[in-house]
Structures are given as structure tokens and as C-alpha cells.
Amino acid sequence: MKSPTFRVWCNGFMYDNVGLVNGCPHPTKTNEIQFDTMSATVTLLPADIRNNNVLMMGTGIKDKNGKEIYEGDIVKWDEGANISQVVWWNEHGQFMLKDGVNDGVGIGTMSLELIGNIYENPELLTERK
């Protein structure tokens with residue numbers, strides 16, 4: 001089974017390339033990340049970027065262009081007719097789509113196109129084709 005991948009949104013920046021080392025998220029670049037598995041919180045060092053961070057898990061699914069899709073991403077689906085946010089749905093134990101109309105659509109067998117994320121491109125959720 002593939003190890004989960006992570007990224008972190010913090011203070012206006014997306015920190016990609018956060019992988020797992022001994023079961024804990026760890027950067028593959030220069031950012032040092034500590035992850036508390038008991039409370040599911042992440043601490044970014046140095047101290048000036050410790051607050052206001054969001055840890056996002058990869059879905060393990062790639063879009064039609066080969067880009068990995070993460071929780072919080074915004075995708076087009078149904079041949080571009082719909083735009084939705086990727087969310088983790090606890091009740092179903094899986095990643096699903098949420099847009100206020102088609103909430104709860106599973107993403108496992110769909111053709112998706114990654115177009116942004118809720119932190120850098122929130123306006124995409126208001127656009128409709």
C-alpha cells in the first residue's frame with residue numbers, strides 16, 4: 001500500500017513535498033515539520049509560521065493530467081460541467097466532492113481535472129460552466 005502524502009497551507013503559502021518518515025509527515029525540502037499523531041496537529045518551524053496552518057492529505061488519486069489530488073483541492077468533473085471541492089467525508093470513510101449541489105459524490109472512478117485549491121483559488125468554487 002502506498003504511504004499517504006501531505007501538504008501544508010500556512011500563512012499564505014502552500015508547502016508541498018511533505019511526505020512520511022517513520023509514520024510522521026516530514027518535508028523533503030527545507031521546511032521542518034513536526035506532526036503530533038495524537039491530536040493531528042502540525043507545527044511548522046521556525047516559530048513565526050507555527051500558527052494558522054492546515055494539514056491536507058493526498059487522496060492517492062491523480063487527475064487526468066497526472067497531478068495528485070489533495071483534500072482541499074478544487075476539481076472539474078463530468079466533462080467540466082461541475083466544479084467541486086475535494087473533502088474527507090467521515091460518515092463514508094472516503095474522499096468525496098462538495099459544492100452545495102452535488103455533495104457526497106465519490107471520486108474514485110471519475111475523470112477529474114485539478115484547477116486549484118480552496119486557499120489559493122477560492123473564487124473557483126463560485127464559477128459554474
# chains A, B, ... in the order shown; residues from 1 in each chain; ligands from 1

$ residues_around --residues "Asp103 in chain A" --least-positions-apart "5" --cutoff "12 Å" --atoms "only C-alpha atoms" --output "PDB file with C-alpha atoms, in the first residue's frame"
ATOM      1  CA  ASN A  82     -19.262  20.705 -12.433  1.00  0.00           C
ATOM      2  CA  ILE A  83     -16.688  22.329 -10.146  1.00  0.00           C
ATOM      3  CA  SER A  84     -16.345  20.955  -6.607  1.00  0.00           C
ATOM      4  CA  GLN A  85     -14.083  20.869  -3.563  1.00  0.00           C
ATOM      5  CA  VAL A  86     -12.429  17.596  -2.502  1.00  0.00           C
ATOM      6  CA  VAL A  87     -13.254  16.818   1.141  1.00  0.00           C
ATOM      7  CA  TRP A  88     -12.809  13.902   3.553  1.00  0.00           C
ATOM      8  CA  TRP A  89     -16.273  12.605   4.469  1.00  0.00           C
ATOM      9  CA  PHE A  95     -12.771  11.470  -0.121  1.00  0.00           C
ATOM     10  CA  MET A  96     -15.797  12.969  -1.825  1.00  0.00           C
ATOM     11  CA  LEU A  97     -16.852  16.078  -3.737  1.00  0.00           C
ATOM     12  CA  LYS A  98     -18.699  19.010  -2.184  1.00  0.00           C
TER      13      LYS A  98
END

$ atom_distance --atom1 "CA of Tyr70 in chain A" --atom2 "CA of Met56 in chain A"
6.5 Å

$ closest_residue --among "A:Met14, A:His92, A:Gly106, A:Trp77" --to "Asn121 in chain A" --atoms "only C-alpha atoms"
A:Met14

$ atom_distance --atom1 "CA of Glu71 in chain A" --atom2 "CA of Met57 in chain A"
5.7 Å

$ atom_distance --atom1 "CA of Lys64 in chain A" --atom2 "CA of Asn90 in chain A"
25.7 Å

$ residues_around --residues "Val54 in chain A" --least-positions-apart "6" --cutoff "7 Å" --atoms "only C-alpha atoms" --output "short mmCIF file (atom, residue, chain, number, x, y, z; two decimals) with N, CA and C atoms, in the first residue's frame"
data_model
loop_
_atom_site.label_atom_id
_atom_site.label_comp_id
_atom_site.auth_asym_id
_atom_site.auth_seq_id
_atom_site.Cartn_x
_atom_site.Cartn_y
_atom_site.Cartn_z
N VAL A 8 0.93 21.30 3.40
CA VAL A 8 0.51 22.19 4.47
C VAL A 8 0.28 23.59 3.92
N TRP A 9 -0.84 24.21 4.29
CA TRP A 9 -1.13 25.61 3.96
C TRP A 9 -0.85 26.41 5.22
N CYS A 10 0.02 27.40 5.12
CA CYS A 10 0.39 28.18 6.30
C CYS A 10 0.73 29.60 5.91
#

$ closest_residue --among "A:Gln94, A:Asn102, A:Thr109, A:Asn11" --to "Lys62 in chain A" --atoms "only C-alpha atoms"
A:Thr109

$ closest_residue --among "A:Asp99, A:Glu68, A:Asp73, A:Glu91" --to "Gly116 in chain A" --atoms "only C-alpha atoms"
A:Asp73

$ residues_around --residues "Lys67 in chain A" --least-positions-apart "6" --cutoff "12 Å" --atoms "only C-alpha atoms" --output "list in words"
Gly58, Thr59, Gly60, Ile61, Asp73, Val75, Leu112, Glu113, Leu114, Ile115 and Gly116 of chain A

$ write_last_selection --atoms "all heavy atoms" --output "PDB file, in the first residue's frame"
ATOM      1  N   GLY A  58      -3.176  13.711   0.815  1.00  0.00           N
ATOM      2  CA  GLY A  58      -3.400  13.333  -0.573  1.00  0.00           C
ATOM      3  C   GLY A  58      -4.439  12.234  -0.657  1.00  0.00           C
ATOM      4  O   GLY A  58      -4.548  11.390   0.220  1.00  0.00           O
ATOM      5  N   THR A  59      -5.208  12.246  -1.733  1.00  0.00           N
ATOM      6  CA  THR A  59      -6.270  11.247  -1.908  1.00  0.00           C
ATOM      7  C   THR A  59      -5.729   9.929  -2.455  1.00  0.00           C
ATOM      8  O   THR A  59      -6.404   8.916  -2.408  1.00  0.00           O
ATOM      9  CB  THR A  59      -7.337  11.756  -2.887  1.00  0.00           C
ATOM     10  OG1 THR A  59      -6.731  11.923  -4.182  1.00  0.00           O
ATOM     11  CG2 THR A  59      -7.942  13.062  -2.411  1.00  0.00           C
ATOM     12  N   GLY A  60      -4.524   9.978  -3.022  1.00  0.00           N
ATOM     13  CA  GLY A  60      -3.995   8.807  -3.705  1.00  0.00           C
ATOM     14  C   GLY A  60      -4.491   8.696  -5.136  1.00  0.00           C
ATOM     15  O   GLY A  60      -4.175   7.751  -5.845  1.00  0.00           O
ATOM     16  N   ILE A  61      -5.272   9.679  -5.572  1.00  0.00           N
ATOM     17  CA  ILE A  61      -5.837   9.704  -6.921  1.00  0.00           C
ATOM     18  C   ILE A  61      -5.193  10.845  -7.697  1.00  0.00           C
ATOM     19  O   ILE A  61      -4.977  11.927  -7.159  1.00  0.00           O
ATOM     20  CB  ILE A  61      -7.364   9.890  -6.860  1.00  0.00           C
ATOM     21  CG1 ILE A  61      -7.999   8.688  -6.156  1.00  0.00           C
ATOM     22  CG2 ILE A  61      -7.963  10.096  -8.248  1.00  0.00           C
ATOM     23  CD1 ILE A  61      -9.460   8.860  -5.855  1.00  0.00           C
ATOM     24  N   ASP A  73      -8.503  20.520  -2.580  1.00  0.00           N
ATOM     25  CA  ASP A  73      -8.355  20.886  -3.989  1.00  0.00           C
ATOM     26  C   ASP A  73      -9.722  21.167  -4.607  1.00  0.00           C
ATOM     27  O   ASP A  73     -10.761  20.698  -4.128  1.00  0.00           O
ATOM     28  CB  ASP A  73      -7.665  19.781  -4.779  1.00  0.00           C
ATOM     29  CG  ASP A  73      -6.157  19.825  -4.639  1.00  0.00           C
ATOM     30  OD1 ASP A  73      -5.609  20.870  -4.224  1.00  0.00           O
ATOM     31  OD2 ASP A  73      -5.509  18.813  -4.954  1.00  0.00           O
ATOM     32  N   VAL A  75     -11.722  20.761  -8.203  1.00  0.00           N
ATOM     33  CA  VAL A  75     -11.637  19.975  -9.433  1.00  0.00           C
ATOM     34  C   VAL A  75     -12.854  20.213 -10.322  1.00  0.00           C
ATOM     35  O   VAL A  75     -13.941  20.530  -9.838  1.00  0.00           O
ATOM     36  CB  VAL A  75     -11.520  18.461  -9.135  1.00  0.00           C
ATOM     37  CG1 VAL A  75     -10.229  18.137  -8.404  1.00  0.00           C
ATOM     38  CG2 VAL A  75     -12.718  17.954  -8.341  1.00  0.00           C
ATOM     39  N   LEU A 112     -11.279  13.507 -13.261  1.00  0.00           N
ATOM     40  CA  LEU A 112     -11.212  14.809 -12.606  1.00  0.00           C
ATOM     41  C   LEU A 112     -10.106  15.647 -13.225  1.00  0.00           C
ATOM     42  O   LEU A 112      -9.098  15.113 -13.686  1.00  0.00           O
ATOM     43  CB  LEU A 112     -10.921  14.629 -11.114  1.00  0.00           C
ATOM     44  CG  LEU A 112     -11.884  13.751 -10.334  1.00  0.00           C
ATOM     45  CD1 LEU A 112     -11.356  13.497  -8.935  1.00  0.00           C
ATOM     46  CD2 LEU A 112     -13.260  14.384 -10.270  1.00  0.00           C
ATOM     47  N   GLU A 113     -10.277  16.972 -13.186  1.00  0.00           N
ATOM     48  CA  GLU A 113      -9.229  17.886 -13.612  1.00  0.00           C
ATOM     49  C   GLU A 113      -8.972  18.865 -12.474  1.00  0.00           C
ATOM     50  O   GLU A 113      -9.867  19.623 -12.072  1.00  0.00           O
ATOM     51  CB  GLU A 113      -9.624  18.656 -14.865  1.00  0.00           C
ATOM     52  CG  GLU A 113      -8.540  19.619 -15.311  1.00  0.00           C
ATOM     53  CD  GLU A 113      -8.928  20.432 -16.532  1.00  0.00           C
ATOM     54  OE1 GLU A 113     -10.074  20.322 -17.007  1.00  0.00           O
ATOM     55  OE2 GLU A 113      -8.067  21.183 -16.999  1.00  0.00           O
ATOM     56  N   LEU A 114      -7.767  18.855 -11.938  1.00  0.00           N
ATOM     57  CA  LEU A 114      -7.375  19.760 -10.871  1.00  0.00           C
ATOM     58  C   LEU A 114      -7.247  21.173 -11.422  1.00  0.00           C
ATOM     59  O   LEU A 114      -6.516  21.401 -12.390  1.00  0.00           O
ATOM     60  CB  LEU A 114      -6.038  19.300 -10.277  1.00  0.00           C
ATOM     61  CG  LEU A 114      -5.443  20.132  -9.165  1.00  0.00           C
ATOM     62  CD1 LEU A 114      -6.365  20.165  -7.967  1.00  0.00           C
ATOM     63  CD2 LEU A 114      -4.090  19.574  -8.780  1.00  0.00           C
ATOM     64  N   ILE A 115      -7.978  22.134 -10.811  1.00  0.00           N
ATOM     65  CA  ILE A 115      -7.923  23.518 -11.299  1.00  0.00           C
ATOM     66  C   ILE A 115      -7.462  24.506 -10.233  1.00  0.00           C
ATOM     67  O   ILE A 115      -7.248  25.680 -10.528  1.00  0.00           O
ATOM     68  CB  ILE A 115      -9.271  23.973 -11.900  1.00  0.00           C
ATOM     69  CG1 ILE A 115     -10.389  23.888 -10.874  1.00  0.00           C
ATOM     70  CG2 ILE A 115      -9.593  23.162 -13.151  1.00  0.00           C
ATOM     71  CD1 ILE A 115     -11.697  24.526 -11.340  1.00  0.00           C
ATOM     72  N   GLY A 116      -7.308  24.067  -8.986  1.00  0.00           N
ATOM     73  CA  GLY A 116      -6.861  24.960  -7.922  1.00  0.00           C
ATOM     74  C   GLY A 116      -7.128  24.351  -6.564  1.00  0.00           C
ATOM     75  O   GLY A 116      -7.348  23.151  -6.438  1.00  0.00           O
TER      76      GLY A 116
END

$ decode --residues "range 102-127 of chain A" --atoms "N, CA, C and O atoms" --output "PDB file, in the first residue's frame"
ATOM      1  N   ASN A 102     -23.963  18.962  -5.459  1.00  0.00           N
ATOM      2  CA  ASN A 102     -23.650  17.540  -5.637  1.00  0.00           C
ATOM      3  C   ASN A 102     -22.848  16.995  -4.461  1.00  0.00           C
ATOM      4  O   ASN A 102     -21.927  16.224  -4.637  1.00  0.00           O
ATOM      5  N   ASP A 103     -23.170  17.390  -3.248  1.00  0.00           N
ATOM      6  CA  ASP A 103     -22.401  16.957  -2.083  1.00  0.00           C
ATOM      7  C   ASP A 103     -22.467  15.442  -1.915  1.00  0.00           C
ATOM      8  O   ASP A 103     -23.516  14.831  -2.058  1.00  0.00           O
ATOM      9  N   GLY A 104     -21.300  14.856  -1.615  1.00  0.00           N
ATOM     10  CA  GLY A 104     -21.250  13.435  -1.332  1.00  0.00           C
ATOM     11  C   GLY A 104     -20.992  12.541  -2.519  1.00  0.00           C
ATOM     12  O   GLY A 104     -21.173  11.339  -2.439  1.00  0.00           O
ATOM     13  N   VAL A 105     -20.545  13.115  -3.629  1.00  0.00           N
ATOM     14  CA  VAL A 105     -20.210  12.300  -4.801  1.00  0.00           C
ATOM     15  C   VAL A 105     -18.808  11.736  -4.599  1.00  0.00           C
ATOM     16  O   VAL A 105     -17.863  12.477  -4.349  1.00  0.00           O
ATOM     17  N   GLY A 106     -18.656  10.411  -4.700  1.00  0.00           N
ATOM     18  CA  GLY A 106     -17.355   9.772  -4.550  1.00  0.00           C
ATOM     19  C   GLY A 106     -16.444  10.088  -5.726  1.00  0.00           C
ATOM     20  O   GLY A 106     -16.916  10.325  -6.838  1.00  0.00           O
ATOM     21  N   ILE A 107     -15.113  10.091  -5.484  1.00  0.00           N
ATOM     22  CA  ILE A 107     -14.184  10.485  -6.548  1.00  0.00           C
ATOM     23  C   ILE A 107     -13.403   9.324  -7.142  1.00  0.00           C
ATOM     24  O   ILE A 107     -12.635   9.513  -8.069  1.00  0.00           O
ATOM     25  N   GLY A 108     -13.610   8.137  -6.648  1.00  0.00           N
ATOM     26  CA  GLY A 108     -12.777   7.007  -7.035  1.00  0.00           C
ATOM     27  C   GLY A 108     -12.726   6.641  -8.499  1.00  0.00           C
ATOM     28  O   GLY A 108     -11.699   6.243  -9.008  1.00  0.00           O
ATOM     29  N   THR A 109     -13.828   6.754  -9.215  1.00  0.00           N
ATOM     30  CA  THR A 109     -13.866   6.297 -10.607  1.00  0.00           C
ATOM     31  C   THR A 109     -14.108   7.422 -11.609  1.00  0.00           C
ATOM     32  O   THR A 109     -14.365   7.166 -12.770  1.00  0.00           O
ATOM     33  N   MET A 110     -14.004   8.655 -11.160  1.00  0.00           N
ATOM     34  CA  MET A 110     -14.325   9.787 -12.034  1.00  0.00           C
ATOM     35  C   MET A 110     -13.097  10.322 -12.749  1.00  0.00           C
ATOM     36  O   MET A 110     -11.981  10.183 -12.274  1.00  0.00           O
ATOM     37  N   SER A 111     -13.335  10.982 -13.864  1.00  0.00           N
ATOM     38  CA  SER A 111     -12.290  11.724 -14.554  1.00  0.00           C
ATOM     39  C   SER A 111     -12.317  13.141 -14.003  1.00  0.00           C
ATOM     40  O   SER A 111     -13.284  13.881 -14.212  1.00  0.00           O
ATOM     41  N   LEU A 112     -11.279  13.507 -13.261  1.00  0.00           N
ATOM     42  CA  LEU A 112     -11.212  14.809 -12.606  1.00  0.00           C
ATOM     43  C   LEU A 112     -10.106  15.647 -13.225  1.00  0.00           C
ATOM     44  O   LEU A 112      -9.098  15.113 -13.686  1.00  0.00           O
ATOM     45  N   GLU A 113     -10.277  16.972 -13.186  1.00  0.00           N
ATOM     46  CA  GLU A 113      -9.229  17.886 -13.612  1.00  0.00           C
ATOM     47  C   GLU A 113      -8.972  18.865 -12.474  1.00  0.00           C
ATOM     48  O   GLU A 113      -9.867  19.623 -12.072  1.00  0.00           O
ATOM     49  N   LEU A 114      -7.767  18.855 -11.938  1.00  0.00           N
ATOM     50  CA  LEU A 114      -7.375  19.760 -10.871  1.00  0.00           C
ATOM     51  C   LEU A 114      -7.247  21.173 -11.422  1.00  0.00           C
ATOM     52  O   LEU A 114      -6.516  21.401 -12.390  1.00  0.00           O
ATOM     53  N   ILE A 115      -7.978  22.134 -10.811  1.00  0.00           N
ATOM     54  CA  ILE A 115      -7.923  23.518 -11.299  1.00  0.00           C
ATOM     55  C   ILE A 115      -7.462  24.506 -10.233  1.00  0.00           C
ATOM     56  O   ILE A 115      -7.248  25.680 -10.528  1.00  0.00           O
ATOM     57  N   GLY A 116      -7.308  24.067  -8.986  1.00  0.00           N
ATOM     58  CA  GLY A 116      -6.861  24.960  -7.922  1.00  0.00           C
ATOM     59  C   GLY A 116      -7.128  24.351  -6.564  1.00  0.00           C
ATOM     60  O   GLY A 116      -7.348  23.151  -6.438  1.00  0.00           O
ATOM     61  N   ASN A 117      -7.106  25.210  -5.525  1.00  0.00           N
ATOM     62  CA  ASN A 117      -7.430  24.756  -4.177  1.00  0.00           C
ATOM     63  C   ASN A 117      -8.164  25.869  -3.433  1.00  0.00           C
ATOM     64  O   ASN A 117      -8.174  27.018  -3.879  1.00  0.00           O
ATOM     65  N   ILE A 118      -8.785  25.513  -2.317  1.00  0.00           N
ATOM     66  CA  ILE A 118      -9.643  26.459  -1.604  1.00  0.00           C
ATOM     67  C   ILE A 118      -8.879  27.592  -0.944  1.00  0.00           C
ATOM     68  O   ILE A 118      -9.483  28.600  -0.568  1.00  0.00           O
ATOM     69  N   TYR A 119      -7.576  27.469  -0.802  1.00  0.00           N
ATOM     70  CA  TYR A 119      -6.780  28.500  -0.147  1.00  0.00           C
ATOM     71  C   TYR A 119      -6.238  29.524  -1.137  1.00  0.00           C
ATOM     72  O   TYR A 119      -6.246  30.720  -0.858  1.00  0.00           O
ATOM     73  N   GLU A 120      -5.784  29.063  -2.274  1.00  0.00           N
ATOM     74  CA  GLU A 120      -5.203  29.960  -3.271  1.00  0.00           C
ATOM     75  C   GLU A 120      -6.213  30.423  -4.321  1.00  0.00           C
ATOM     76  O   GLU A 120      -6.001  31.454  -4.954  1.00  0.00           O
ATOM     77  N   ASN A 121      -7.289  29.662  -4.517  1.00  0.00           N
ATOM     78  CA  ASN A 121      -8.257  29.971  -5.575  1.00  0.00           C
ATOM     79  C   ASN A 121      -9.703  29.787  -5.117  1.00  0.00           C
ATOM     80  O   ASN A 121     -10.483  29.127  -5.796  1.00  0.00           O
ATOM     81  N   PRO A 122     -10.131  30.371  -3.993  1.00  0.00           N
ATOM     82  CA  PRO A 122     -11.495  30.123  -3.509  1.00  0.00           C
ATOM     83  C   PRO A 122     -12.574  30.596  -4.476  1.00  0.00           C
ATOM     84  O   PRO A 122     -13.688  30.064  -4.481  1.00  0.00           O
ATOM     85  N   GLU A 123     -12.239  31.555  -5.326  1.00  0.00           N
ATOM     86  CA  GLU A 123     -13.220  32.077  -6.284  1.00  0.00           C
ATOM     87  C   GLU A 123     -13.661  31.026  -7.296  1.00  0.00           C
ATOM     88  O   GLU A 123     -14.733  31.144  -7.901  1.00  0.00           O
ATOM     89  N   LEU A 124     -12.866  29.986  -7.491  1.00  0.00           N
ATOM     90  CA  LEU A 124     -13.230  28.937  -8.449  1.00  0.00           C
ATOM     91  C   LEU A 124     -14.499  28.205  -8.054  1.00  0.00           C
ATOM     92  O   LEU A 124     -15.202  27.670  -8.905  1.00  0.00           O
ATOM     93  N   LEU A 125     -14.785  28.163  -6.761  1.00  0.00           N
ATOM     94  CA  LEU A 125     -15.991  27.465  -6.303  1.00  0.00           C
ATOM     95  C   LEU A 125     -17.258  28.206  -6.673  1.00  0.00           C
ATOM     96  O   LEU A 125     -18.345  27.624  -6.687  1.00  0.00           O
ATOM     97  N   THR A 126     -17.169  29.485  -6.979  1.00  0.00           N
ATOM     98  CA  THR A 126     -18.351  30.243  -7.368  1.00  0.00           C
ATOM     99  C   THR A 126     -18.586  30.228  -8.863  1.00  0.00           C
ATOM    100  O   THR A 126     -19.627  30.654  -9.338  1.00  0.00           O
ATOM    101  N   GLU A 127     -17.590  29.727  -9.613  1.00  0.00           N
ATOM    102  CA  GLU A 127     -17.724  29.680 -11.076  1.00  0.00           C
ATOM    103  C   GLU A 127     -18.499  28.440 -11.485  1.00  0.00           C
ATOM    104  O   GLU A 127     -18.309  27.367 -10.945  1.00  0.00           O
TER     105      GLU A 127
END
